[in-house]
Every structure is written in C-alpha cells, then in structure tokens.
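Undergrad: Take this structure, written in structure tokens, and hold onto it; I'll ask about it next.
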Amino acid sequence: MFYGSVVAVFIGLILDLIIGDPYCLPHLVRLMGKTIDGLKRRLLRQNDMPGKKIRKGALMVVVMLFLYGAVPLMILVVCYRYNTAAGVLLESLMCWQMLAAKSLKKESMKVYKSLAADDVERARADVSMIVGRDTDVLDKEGIIRAAVETVAENTSDGVIAPLFYMIVGGGWLAMAYKAVNTMDSMVGYRNEKYVYFGRAAAKTDDAANYLPARLSAFLMIAAAFLLGFDYKNAVRIFWRDRYCHKSPNSAQTESVCAGALRVRLAGEAWYFGVRYEKPFIGDDIRNVCAKDIESANKLMIATTILGFLVMTAVKEIAMLLLR
C-alpha cells in the first residue's frame, strides 16, 4: 500500500460521486475495451480447436493484467518515489475512473425518467445501454427488472469490488480488477463464439469477485436497515437465493436487493436471440414499479458510502495491529 492510497481512494470516490464519468473525457475503462477488442481480433479464430482457444484466452488475461496492472504499478512506484503529491494525484485519477457509482445511477435513472413519462420505447432503448441481454422483447415490468438487477449486480462489480481492491492495494490493483471484469463482460459468455476463448476471463473474474460480492451483500443488508427497507426479508432472500445464478457471485447482491424491495427479479432472459430459463430471485410480494429503480440506486449509494467507511476502518485497525 502506498503512502497516499487512502487519501487517493477518498478523493477518487468523492470525484466519482460528484462528477461521475463525463463523456467528454478519455476513460481508462474505454481504453481497456479497445485493447480487448484488438486482442480478440488478433487471437480469436473460430476454426481453432477448443484447447487452443482456451490457451489464447488465457494469454489475453495475462496481457491485460500486465498492461493494466503491472504497468500502472510501476508508474505509481516511480511517482511516489520522486514526488508524493504527484503520486497521490495520479492514483486519485486512477481510483476515480475505476468507480462507477454516479454513472450507474445516471444511466439507470434515465430508464426511470422515461417510464415516468410513459415512454416505454425510450425506456427500452435506455435500458439497452446498461444491460447485456436482448431488450427488444422486454415489456414494462421486464425493463424495470432489468434496470434494478443491473444496479444491484453492479453495486458489487462496478463499485464495491474496485473500492475493495483500491483500499487493499491501491489504484493499480483496482485497475487490474477492472481489466478482468471488463474482459468478462466482453467475452465471458457461454455461447458458441466465446465458450472456450472467454473461459479464462470468466473464471478469473469469478475468483476476483468472490469475496467482494459477499462483502457487498452484507453491506447492502446494512444499508437496507439504515434506509428503512425490509432488511429482514433481504436477509431471508439472501440466504435462500444467493446462488440462483450461473455465476457464483451475481445473485449475492441481486438477492439482497430483491428482498429489501420485496419484489421478484431474474427469470427468463434472451441473449443474442437465444432464450435462457433462469431461476427467479426473491418473492413477488408486490409487482415491480418504476420507483424500484430509484430505490435500488439509494441502496447502491448507501452501500458505497458504508463500504468505504467500513473497509477503511478495518484497514486502519489492521495496520495499527501490525505495527
């Protein structure tokens, strides 16, 4: 952990909560996406044997971790060695761009506003920007569920997990995590094209998110309690439905959110024109409504702030005990 990391994480978090990710500024995650696209074009050949595709996918993971983990680490070492202020500034920028709380809220609330204006077609277009599933088949309730699920899942993937890694190891480690997570979102599918090539990225992402996903769930339960949501039902649904997903991590926060809001999420979904039967998460105590998107965002923001306070406190206590 570098000297300025706690300060850098705090600055990065504040910048994300206030400013978010302005479209006019270059962004490291977009650069990661372009790098992954370039590597796919050079490595992925559909006529390769499955074993070769797996090896090439693993090579992509190694290259991405070097470019977006090892290289940032070396740059930070040099900056902190020669100018602490420069190191803090650079790491603050790294942390800012690795967090996605403000942008997640902004994009999901576009869906809410379109539904509030009774513009279902616009809402369908808005939700297509934040989910990976096919959205042209979604009705109004499907749109709402998709938006709520995305906010719930990305509370872990887009906020708490990178926050966890930057508190543990600094901005460079959060960048390495984000590189893995971005690879998974782009190639970690079990379809014909990516089932072998994307396997290394998917498995690495599962491992990287294992602890943060569970931490996110417990933090979200605490946030539900503080905000006055049904935290008892959140606990019940979490223990019952936290593994109702092919990913070992995705349903951790989705189950808490479904329980806290007293709605049922997940179920049937379409990806690339193929219908997938997925188990439901939560109980349909009431029908979902557009207001649930706003409520999911309140849970996400509260979980983020609580996560920063708890993880920073634990880190500081651990450092005191180790001295």
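Identifiers for the structure tokens are assigned positionally: chains receive A, B, ... in sequence, residues are indexed from 1 per chain, and ligands are indexed from 1 in the order shown.
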Mind the document's chain letters and residue numbers, and return as an MDAnalysis selection string the residues of segment 36-246 of chain A that DSSP labels alpha helix (DSSP H).
TA: chainID A and resid 36:43 50:65 71:82 84:98 101:116 120:128 140:154 161:169 171:187 199:227 231:241
Undergrad: For the contact check between segment 289-320 of chain A and segment 240-263 of chain A, emit one row per residue of segment 289-320 of chain A within 8 Å, containing the shortest atom pair and the distance in Å rounded to one decimal, counting only C-alpha atoms, chain then rising number order, as a Markdown table.
TA:
| residue | atom | partner | partner_atom | distance |
| --- | --- | --- | --- | --- |
| A:Asp292 | CA | A:Leu261 | CA | 7.1 |
| A:Ser295 | CA | A:Leu261 | CA | 7.7 |
| A:Ala296 | CA | A:Cys257 | CA | 6.9 |
| A:Leu299 | CA | A:Cys257 | CA | 7.8 |
Undergrad: Nearest residue to Met49 of chain A out of A:Leu265, A:Ile317, A:Val195, A:Glu294, using only C-alpha atoms?
TA: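 Of A:Leu265, A:Ile317, A:Val195, A:Glu294, the one nearest Met49 of chain A is A:Val195, counting only C-alpha atoms.
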Undergrad: Take atom CA of Ser92 of chain A and atom CA of Leu76 of chain A and report the distance between them in Å, one decimal.
TA: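 So the two atoms, atom CA of Ser92 of chain A and atom CA of Leu76 of chain A, lie 11.0 Å apart.
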Undergrad: Please run DSSP on the backbone and report, as a list in words, all residues within segment 112-279 of chain A that come out as strand (DSSP E or B).
TA: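 Output for segment 112-279 of chain A, strand (DSSP E or B) only: Leu265, Ala266, Ala269, Trp270, Tyr271, Val274, Arg275 and Tyr276 of chain A.
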Undergrad: At a cut-off of 12 Å, using only C-alpha atoms, what residues contact Leu39 of chain A? Leave out same-chain residues fewer than 2 positions from it and give the result as a JSON list (two decimals) with N, CA and C atoms, in the first residue's frame.
TA:
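The file below, selection.json, is the result:
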[["chain", "number", "residue", "atom", "x", "y", "z"],
["A", 32, "MET", "N", -9.49, 0.07, -21.99],
["A", 32, "MET", "CA", -9.43, -1.38, -21.76],
["A", 32, "MET", "C", -10.29, -2.11, -22.79],
["A", 33, "GLY", "N", -11.49, -1.59, -23.04],
["A", 33, "GLY", "CA", -12.37, -2.22, -24.01],
["A", 33, "GLY", "C", -11.77, -2.26, -25.39],
["A", 34, "LYS", "N", -11.14, -1.16, -25.80],
["A", 34, "LYS", "CA", -10.49, -1.12, -27.11],
["A", 34, "LYS", "C", -9.32, -2.10, -27.18],
["A", 35, "THR", "N", -8.58, -2.22, -26.08],
["A", 35, "THR", "CA", -7.47, -3.17, -26.05],
["A", 35, "THR", "C", -7.98, -4.60, -26.18],
["A", 36, "ILE", "N", -9.06, -4.90, -25.48],
["A", 36, "ILE", "CA", -9.65, -6.25, -25.55],
["A", 36, "ILE", "C", -10.14, -6.54, -26.97],
["A", 37, "ASP", "N", -10.77, -5.56, -27.61],
["A", 37, "ASP", "CA", -11.20, -5.74, -29.00],
["A", 37, "ASP", "C", -10.01, -6.04, -29.90],
["A", 41, "ARG", "N", -9.29, -9.58, -32.03],
["A", 41, "ARG", "CA", -9.06, -9.66, -33.49],
["A", 41, "ARG", "C", -7.78, -10.42, -33.81],
["A", 42, "ARG", "N", -6.79, -10.30, -32.96],
["A", 42, "ARG", "CA", -5.51, -10.96, -33.23],
["A", 42, "ARG", "C", -5.47, -12.41, -32.76],
["A", 43, "LEU", "N", -6.25, -12.74, -31.74],
["A", 43, "LEU", "CA", -6.13, -14.06, -31.14],
["A", 43, "LEU", "C", -7.27, -15.02, -31.48],
["A", 44, "LEU", "N", -8.49, -14.53, -31.59],
["A", 44, "LEU", "CA", -9.64, -15.41, -31.73],
["A", 44, "LEU", "C", -9.82, -15.86, -33.17],
["A", 45, "ARG", "N", -9.77, -17.17, -33.37],
["A", 45, "ARG", "CA", -10.04, -17.80, -34.66],
["A", 45, "ARG", "C", -11.06, -18.90, -34.43],
["A", 56, "LYS", "N", -5.38, -19.25, -25.82],
["A", 56, "LYS", "CA", -5.34, -17.88, -26.32],
["A", 56, "LYS", "C", -6.12, -16.94, -25.40],
["A", 57, "GLY", "N", -7.24, -17.42, -24.85],
["A", 57, "GLY", "CA", -8.00, -16.62, -23.91],
["A", 57, "GLY", "C", -7.20, -16.35, -22.64],
["A", 58, "ALA", "N", -6.45, -17.35, -22.19],
["A", 58, "ALA", "CA", -5.60, -17.18, -21.01],
["A", 58, "ALA", "C", -4.48, -16.18, -21.30],
["A", 59, "LEU", "N", -3.95, -16.23, -22.52],
["A", 59, "LEU", "CA", -2.91, -15.28, -22.91],
["A", 59, "LEU", "C", -3.46, -13.86, -22.87],
["A", 60, "MET", "N", -4.69, -13.66, -23.32],
["A", 60, "MET", "CA", -5.30, -12.34, -23.27],
["A", 60, "MET", "C", -5.40, -11.83, -21.83],
["A", 61, "VAL", "N", -5.77, -12.72, -20.90],
["A", 61, "VAL", "CA", -5.85, -12.33, -19.49],
["A", 61, "VAL", "C", -4.49, -11.88, -18.98],
["A", 62, "VAL", "N", -3.44, -12.62, -19.32],
["A", 62, "VAL", "CA", -2.09, -12.27, -18.87],
["A", 62, "VAL", "C", -1.66, -10.92, -19.44],
["A", 63, "VAL", "N", -1.91, -10.72, -20.72],
["A", 63, "VAL", "CA", -1.53, -9.46, -21.36],
["A", 63, "VAL", "C", -2.28, -8.28, -20.73],
["A", 64, "MET", "N", -3.57, -8.45, -20.49],
["A", 64, "MET", "CA", -4.36, -7.37, -19.90],
["A", 64, "MET", "C", -3.91, -7.06, -18.48],
["A", 183, "MET", "N", -13.03, -7.70, -19.32],
["A", 183, "MET", "CA", -12.88, -8.87, -20.19],
["A", 183, "MET", "C", -14.07, -9.80, -20.04],
["A", 186, "MET", "N", -17.10, -8.68, -21.84],
["A", 186, "MET", "CA", -17.00, -8.66, -23.29],
["A", 186, "MET", "C", -16.86, -10.04, -23.91],
["A", 187, "VAL", "N", -16.23, -10.98, -23.21],
["A", 187, "VAL", "CA", -16.01, -12.31, -23.81],
["A", 187, "VAL", "C", -16.43, -13.45, -22.89],
["A", 197, "PHE", "N", -12.83, -19.42, -25.62],
["A", 197, "PHE", "CA", -11.93, -18.27, -25.61],
["A", 197, "PHE", "C", -12.13, -17.40, -24.37]]
Undergrad: Between A:Phe10, A:Ile293, A:Asp48, A:Glu277, which one has atoms that come closest to Lys110 of chain A, using only C-alpha atoms?
TA: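 Of A:Phe10, A:Ile293, A:Asp48, A:Glu277, the one nearest Lys110 of chain A, counting only C-alpha atoms, is A:Ile293.
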Undergrad: So, with only C-alpha atoms as the atoms that count, which of A:Lys193, A:Lys315, A:Lys140, A:His27 lies closest to Ala100 of chain A?
TA: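 So, comparing all the options, the nearest one is A:His27.
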Undergrad: Tell me, as a ChimeraX atom specification, which residues lie within 7 Å of segment 166-179 of chain A, counting only C-alpha atoms; anything in the same chain fewer than 6 positions away does not count.
TA: /A:1-2,5-6,9,32,64-65,68-69,72-73,91,94-95,98,208,312
Undergrad: Deliver the residues from the most recent selection as a file, using all heavy atoms, as a short mmCIF file (atom, residue, chain, number, x, y, z; two decimals), in the first residue's frame.
TA:
data_model
loop_
_atom_site.label_atom_id
_atom_site.label_comp_id
_atom_site.auth_asym_id
_atom_site.auth_seq_id
_atom_site.Cartn_x
_atom_site.Cartn_y
_atom_site.Cartn_z
N MET A 1 0.85 -1.19 0.00
CA MET A 1 0.00 0.00 0.00
C MET A 1 0.88 1.24 0.00
O MET A 1 1.77 1.37 0.84
CB MET A 1 -0.90 -0.02 1.24
CG MET A 1 -1.77 1.21 1.39
SD MET A 1 -3.05 1.36 0.11
CE MET A 1 -4.19 0.10 0.66
N PHE A 2 0.65 2.13 -0.91
CA PHE A 2 1.43 3.35 -0.97
C PHE A 2 0.96 4.35 0.08
O PHE A 2 -0.17 4.30 0.54
CB PHE A 2 1.33 3.97 -2.37
CG PHE A 2 1.93 3.11 -3.44
CD1 PHE A 2 1.13 2.46 -4.35
CD2 PHE A 2 3.31 2.94 -3.50
CE1 PHE A 2 1.68 1.65 -5.33
CE2 PHE A 2 3.86 2.14 -4.49
CZ PHE A 2 3.05 1.49 -5.39
N SER A 5 -2.42 6.19 -0.63
CA SER A 5 -3.54 5.43 -1.16
C SER A 5 -4.87 5.74 -0.49
O SER A 5 -5.88 5.88 -1.17
CB SER A 5 -3.26 3.93 -1.06
OG SER A 5 -2.31 3.53 -2.02
N VAL A 6 -4.93 5.84 0.82
CA VAL A 6 -6.20 6.12 1.50
C VAL A 6 -6.74 7.48 1.06
O VAL A 6 -7.92 7.65 0.78
CB VAL A 6 -6.03 6.07 3.03
CG1 VAL A 6 -7.32 6.52 3.71
CG2 VAL A 6 -5.67 4.66 3.47
N VAL A 9 -7.94 7.14 -2.55
CA VAL A 9 -9.24 6.46 -2.64
C VAL A 9 -10.37 7.42 -2.27
O VAL A 9 -11.40 7.48 -2.95
CB VAL A 9 -9.27 5.21 -1.73
CG1 VAL A 9 -10.67 4.61 -1.70
CG2 VAL A 9 -8.28 4.16 -2.22
N MET A 32 -9.49 0.07 -21.99
CA MET A 32 -9.43 -1.38 -21.76
C MET A 32 -10.29 -2.11 -22.79
O MET A 32 -9.87 -3.14 -23.35
CB MET A 32 -9.94 -1.71 -20.35
CG MET A 32 -9.03 -1.28 -19.23
SD MET A 32 -9.79 -1.62 -17.61
CE MET A 32 -8.60 -0.85 -16.51
N MET A 64 -3.57 -8.45 -20.49
CA MET A 64 -4.36 -7.37 -19.90
C MET A 64 -3.91 -7.06 -18.48
O MET A 64 -3.83 -5.89 -18.07
CB MET A 64 -5.84 -7.73 -19.91
CG MET A 64 -6.49 -7.68 -21.29
SD MET A 64 -6.54 -6.01 -21.99
CE MET A 64 -7.68 -5.20 -20.87
N LEU A 65 -3.58 -8.08 -17.71
CA LEU A 65 -3.11 -7.86 -16.34
C LEU A 65 -1.75 -7.17 -16.32
O LEU A 65 -1.46 -6.36 -15.43
CB LEU A 65 -3.04 -9.18 -15.58
CG LEU A 65 -4.39 -9.78 -15.16
CD1 LEU A 65 -4.20 -11.14 -14.51
CD2 LEU A 65 -5.13 -8.84 -14.22
N TYR A 68 -2.60 -3.39 -17.59
CA TYR A 68 -3.45 -2.58 -16.71
C TYR A 68 -3.27 -2.91 -15.22
O TYR A 68 -4.06 -2.44 -14.40
CB TYR A 68 -4.91 -2.73 -17.13
CG TYR A 68 -5.15 -2.13 -18.50
CD1 TYR A 68 -5.22 -2.95 -19.63
CD2 TYR A 68 -5.26 -0.76 -18.67
CE1 TYR A 68 -5.43 -2.40 -20.89
CE2 TYR A 68 -5.46 -0.20 -19.92
CZ TYR A 68 -5.54 -1.03 -21.02
OH TYR A 68 -5.72 -0.48 -22.27
N GLY A 69 -2.27 -3.69 -14.90
CA GLY A 69 -1.94 -3.95 -13.51
C GLY A 69 -0.47 -3.66 -13.23
O GLY A 69 -0.13 -2.76 -12.46
N PRO A 72 0.67 0.12 -14.51
CA PRO A 72 0.28 1.19 -13.57
C PRO A 72 1.02 1.11 -12.25
O PRO A 72 1.35 2.15 -11.65
CB PRO A 72 -1.22 0.94 -13.37
CG PRO A 72 -1.66 0.26 -14.61
CD PRO A 72 -0.51 -0.62 -15.00
N LEU A 73 1.29 -0.11 -11.76
CA LEU A 73 2.05 -0.26 -10.52
C LEU A 73 3.44 0.36 -10.65
O LEU A 73 3.89 1.12 -9.77
CB LEU A 73 2.17 -1.74 -10.15
CG LEU A 73 3.11 -2.07 -8.98
CD1 LEU A 73 2.65 -1.37 -7.71
CD2 LEU A 73 3.20 -3.58 -8.78
N GLU A 91 -2.86 8.58 -8.59
CA GLU A 91 -3.64 7.48 -8.04
C GLU A 91 -5.09 7.88 -7.82
O GLU A 91 -6.01 7.07 -7.98
CB GLU A 91 -3.02 6.98 -6.74
CG GLU A 91 -3.56 5.64 -6.31
CD GLU A 91 -2.76 5.01 -5.19
OE1 GLU A 91 -1.95 5.69 -4.55
OE2 GLU A 91 -2.97 3.80 -4.96
N MET A 94 -6.77 7.47 -11.06
CA MET A 94 -7.00 6.04 -11.30
C MET A 94 -8.24 5.57 -10.55
O MET A 94 -9.13 4.91 -11.11
CB MET A 94 -5.80 5.21 -10.84
CG MET A 94 -4.57 5.28 -11.70
SD MET A 94 -3.30 4.19 -10.99
CE MET A 94 -1.97 4.43 -12.19
N CYS A 95 -8.30 5.90 -9.25
CA CYS A 95 -9.42 5.47 -8.42
C CYS A 95 -10.74 6.04 -8.93
O CYS A 95 -11.75 5.33 -8.97
CB CYS A 95 -9.19 5.88 -6.96
SG CYS A 95 -7.79 5.04 -6.17
N MET A 98 -11.98 4.11 -11.91
CA MET A 98 -12.32 2.71 -11.67
C MET A 98 -13.67 2.54 -10.97
O MET A 98 -14.19 1.43 -10.86
CB MET A 98 -11.23 2.02 -10.84
CG MET A 98 -9.90 1.88 -11.56
SD MET A 98 -10.03 1.06 -13.17
CE MET A 98 -9.89 2.47 -14.30
N ALA A 208 -11.92 -13.20 -8.69
CA ALA A 208 -11.67 -11.83 -8.23
C ALA A 208 -12.89 -11.25 -7.51
O ALA A 208 -12.74 -10.41 -6.62
CB ALA A 208 -11.29 -10.95 -9.42
N THR A 312 -12.20 1.09 5.09
CA THR A 312 -11.10 1.97 5.51
C THR A 312 -10.82 1.79 6.99
O THR A 312 -9.65 1.72 7.40
CB THR A 312 -11.45 3.44 5.22
OG1 THR A 312 -11.69 3.60 3.83
CG2 THR A 312 -10.30 4.35 5.63
#
Undergrad: Between atom CA of Ile18 of chain A and atom CA of Ser108 of chain A, what is the distance, to one decimal in Å?
TA: 16.4 Å
Undergrad: Quote the spacing between atom CA of Leu67 of chain A and atom CA of Leu104 of chain A in Å to one decimal place.
TA: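 Those two atoms sit 25.7 Å apart.
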Undergrad: Fewer than 4 positions away in the same chain doesn't count, so skip those; otherwise give me all residues within 10 Å of Ala290 of chain A, counting only C-alpha atoms, as a PDB file with N, CA and C atoms, in the first residue's frame.
TA:
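Resulting contents of part_25.pdb:
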ATOM      1  N   MET A 109     -31.252   5.838 -14.019  1.00  0.00           N
ATOM      2  CA  MET A 109     -32.333   6.790 -13.785  1.00  0.00           C
ATOM      3  C   MET A 109     -32.905   7.339 -15.085  1.00  0.00           C
ATOM      4  N   VAL A 111     -33.756   5.373 -17.413  1.00  0.00           N
ATOM      5  CA  VAL A 111     -34.838   4.406 -17.610  1.00  0.00           C
ATOM      6  C   VAL A 111     -36.038   4.811 -16.763  1.00  0.00           C
ATOM      7  N   TYR A 112     -35.772   5.162 -15.527  1.00  0.00           N
ATOM      8  CA  TYR A 112     -36.849   5.594 -14.619  1.00  0.00           C
ATOM      9  C   TYR A 112     -37.603   6.801 -15.182  1.00  0.00           C
ATOM     10  N   LYS A 113     -36.860   7.794 -15.649  1.00  0.00           N
ATOM     11  CA  LYS A 113     -37.482   9.015 -16.162  1.00  0.00           C
ATOM     12  C   LYS A 113     -38.307   8.739 -17.417  1.00  0.00           C
ATOM     13  N   SER A 114     -37.823   7.849 -18.272  1.00  0.00           N
ATOM     14  CA  SER A 114     -38.593   7.506 -19.471  1.00  0.00           C
ATOM     15  C   SER A 114     -39.888   6.789 -19.110  1.00  0.00           C
ATOM     16  N   LEU A 115     -39.802   5.894 -18.113  1.00  0.00           N
ATOM     17  CA  LEU A 115     -41.008   5.191 -17.679  1.00  0.00           C
ATOM     18  C   LEU A 115     -41.978   6.149 -16.988  1.00  0.00           C
ATOM     19  N   ALA A 116     -41.427   7.094 -16.223  1.00  0.00           N
ATOM     20  CA  ALA A 116     -42.279   8.086 -15.564  1.00  0.00           C
ATOM     21  C   ALA A 116     -43.027   8.929 -16.589  1.00  0.00           C
ATOM     22  N   LYS A 140     -42.851  -3.569 -19.973  1.00  0.00           N
ATOM     23  CA  LYS A 140     -42.543  -2.539 -18.974  1.00  0.00           C
ATOM     24  C   LYS A 140     -41.940  -3.140 -17.708  1.00  0.00           C
ATOM     25  N   GLU A 141     -42.549  -4.216 -17.196  1.00  0.00           N
ATOM     26  CA  GLU A 141     -42.018  -4.839 -15.981  1.00  0.00           C
ATOM     27  C   GLU A 141     -40.655  -5.456 -16.233  1.00  0.00           C
ATOM     28  N   ILE A 143     -38.409  -4.345 -18.301  1.00  0.00           N
ATOM     29  CA  ILE A 143     -37.469  -3.229 -18.340  1.00  0.00           C
ATOM     30  C   ILE A 143     -37.072  -2.822 -16.918  1.00  0.00           C
ATOM     31  N   ILE A 144     -38.069  -2.732 -16.043  1.00  0.00           N
ATOM     32  CA  ILE A 144     -37.801  -2.340 -14.653  1.00  0.00           C
ATOM     33  C   ILE A 144     -36.910  -3.375 -13.975  1.00  0.00           C
ATOM     34  N   ARG A 145     -37.262  -4.648 -14.129  1.00  0.00           N
ATOM     35  CA  ARG A 145     -36.448  -5.696 -13.502  1.00  0.00           C
ATOM     36  C   ARG A 145     -35.016  -5.670 -14.017  1.00  0.00           C
ATOM     37  N   ALA A 147     -33.323  -3.130 -15.158  1.00  0.00           N
ATOM     38  CA  ALA A 147     -32.615  -1.971 -14.600  1.00  0.00           C
ATOM     39  C   ALA A 147     -32.255  -2.204 -13.137  1.00  0.00           C
ATOM     40  N   VAL A 148     -33.202  -2.731 -12.354  1.00  0.00           N
ATOM     41  CA  VAL A 148     -32.943  -2.988 -10.936  1.00  0.00           C
ATOM     42  C   VAL A 148     -31.851  -4.039 -10.766  1.00  0.00           C
ATOM     43  N   GLU A 294     -35.274   3.754  -8.592  1.00  0.00           N
ATOM     44  CA  GLU A 294     -34.785   4.801  -7.687  1.00  0.00           C
ATOM     45  C   GLU A 294     -34.373   4.203  -6.345  1.00  0.00           C
ATOM     46  N   SER A 295     -35.169   3.271  -5.831  1.00  0.00           N
ATOM     47  CA  SER A 295     -34.859   2.635  -4.557  1.00  0.00           C
ATOM     48  C   SER A 295     -33.567   1.821  -4.640  1.00  0.00           C
TER      49      SER A 295
END
Undergrad: Pick out the residues sitting within 8 Å of Thr304 of chain A, and hand them over as a PyMOL selection string; count only C-alpha atoms, and ignore anything fewer than 6 positions along from it in its own chain.
TA: chain A and resi 101+155+159-160
Undergrad: Which residue out of A:Cys24, A:Ile75, A:Ala266, A:Ala123 has the minimum interatomic distance to Glu153 of chain A when only C-alpha atoms are used?
TA: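 For Glu153 of chain A, the nearest of the given residues is A:Ala266.
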Undergrad: Can you pull out the residues contacting Glu121 of chain A? Cut-off 12 Å, using only C-alpha atoms, and skip same-chain residues under 3 positions away; I want them as an mmCIF file with C-alpha atoms, in the first residue's frame.
TA:
data_model
loop_
_atom_site.group_PDB
_atom_site.id
_atom_site.type_symbol
_atom_site.label_atom_id
_atom_site.label_comp_id
_atom_site.auth_asym_id
_atom_site.auth_seq_id
_atom_site.Cartn_x
_atom_site.Cartn_y
_atom_site.Cartn_z
ATOM 1 C CA VAL A 111 -34.838 4.406 -17.610
ATOM 2 C CA SER A 114 -38.593 7.506 -19.471
ATOM 3 C CA LEU A 115 -41.008 5.191 -17.679
ATOM 4 C CA ALA A 117 -43.050 9.861 -18.851
ATOM 5 C CA ASP A 118 -44.827 6.673 -20.029
ATOM 6 C CA ARG A 124 -36.292 0.080 -23.662
ATOM 7 C CA ALA A 125 -33.577 1.965 -25.542
ATOM 8 C CA ASP A 126 -32.208 3.386 -22.285
ATOM 9 C CA VAL A 127 -32.007 0.025 -20.555
ATOM 10 C CA SER A 128 -30.255 -1.486 -23.591
ATOM 11 C CA THR A 135 -34.090 -5.705 -24.710
ATOM 12 C CA ASP A 136 -36.440 -5.626 -27.705
ATOM 13 C CA VAL A 137 -38.544 -8.398 -26.116
ATOM 14 C CA LEU A 138 -38.939 -6.677 -22.730
ATOM 15 C CA ASP A 139 -42.287 -5.339 -21.555
ATOM 16 C CA LYS A 140 -42.543 -2.539 -18.974
ATOM 17 C CA ILE A 143 -37.469 -3.229 -18.340
#
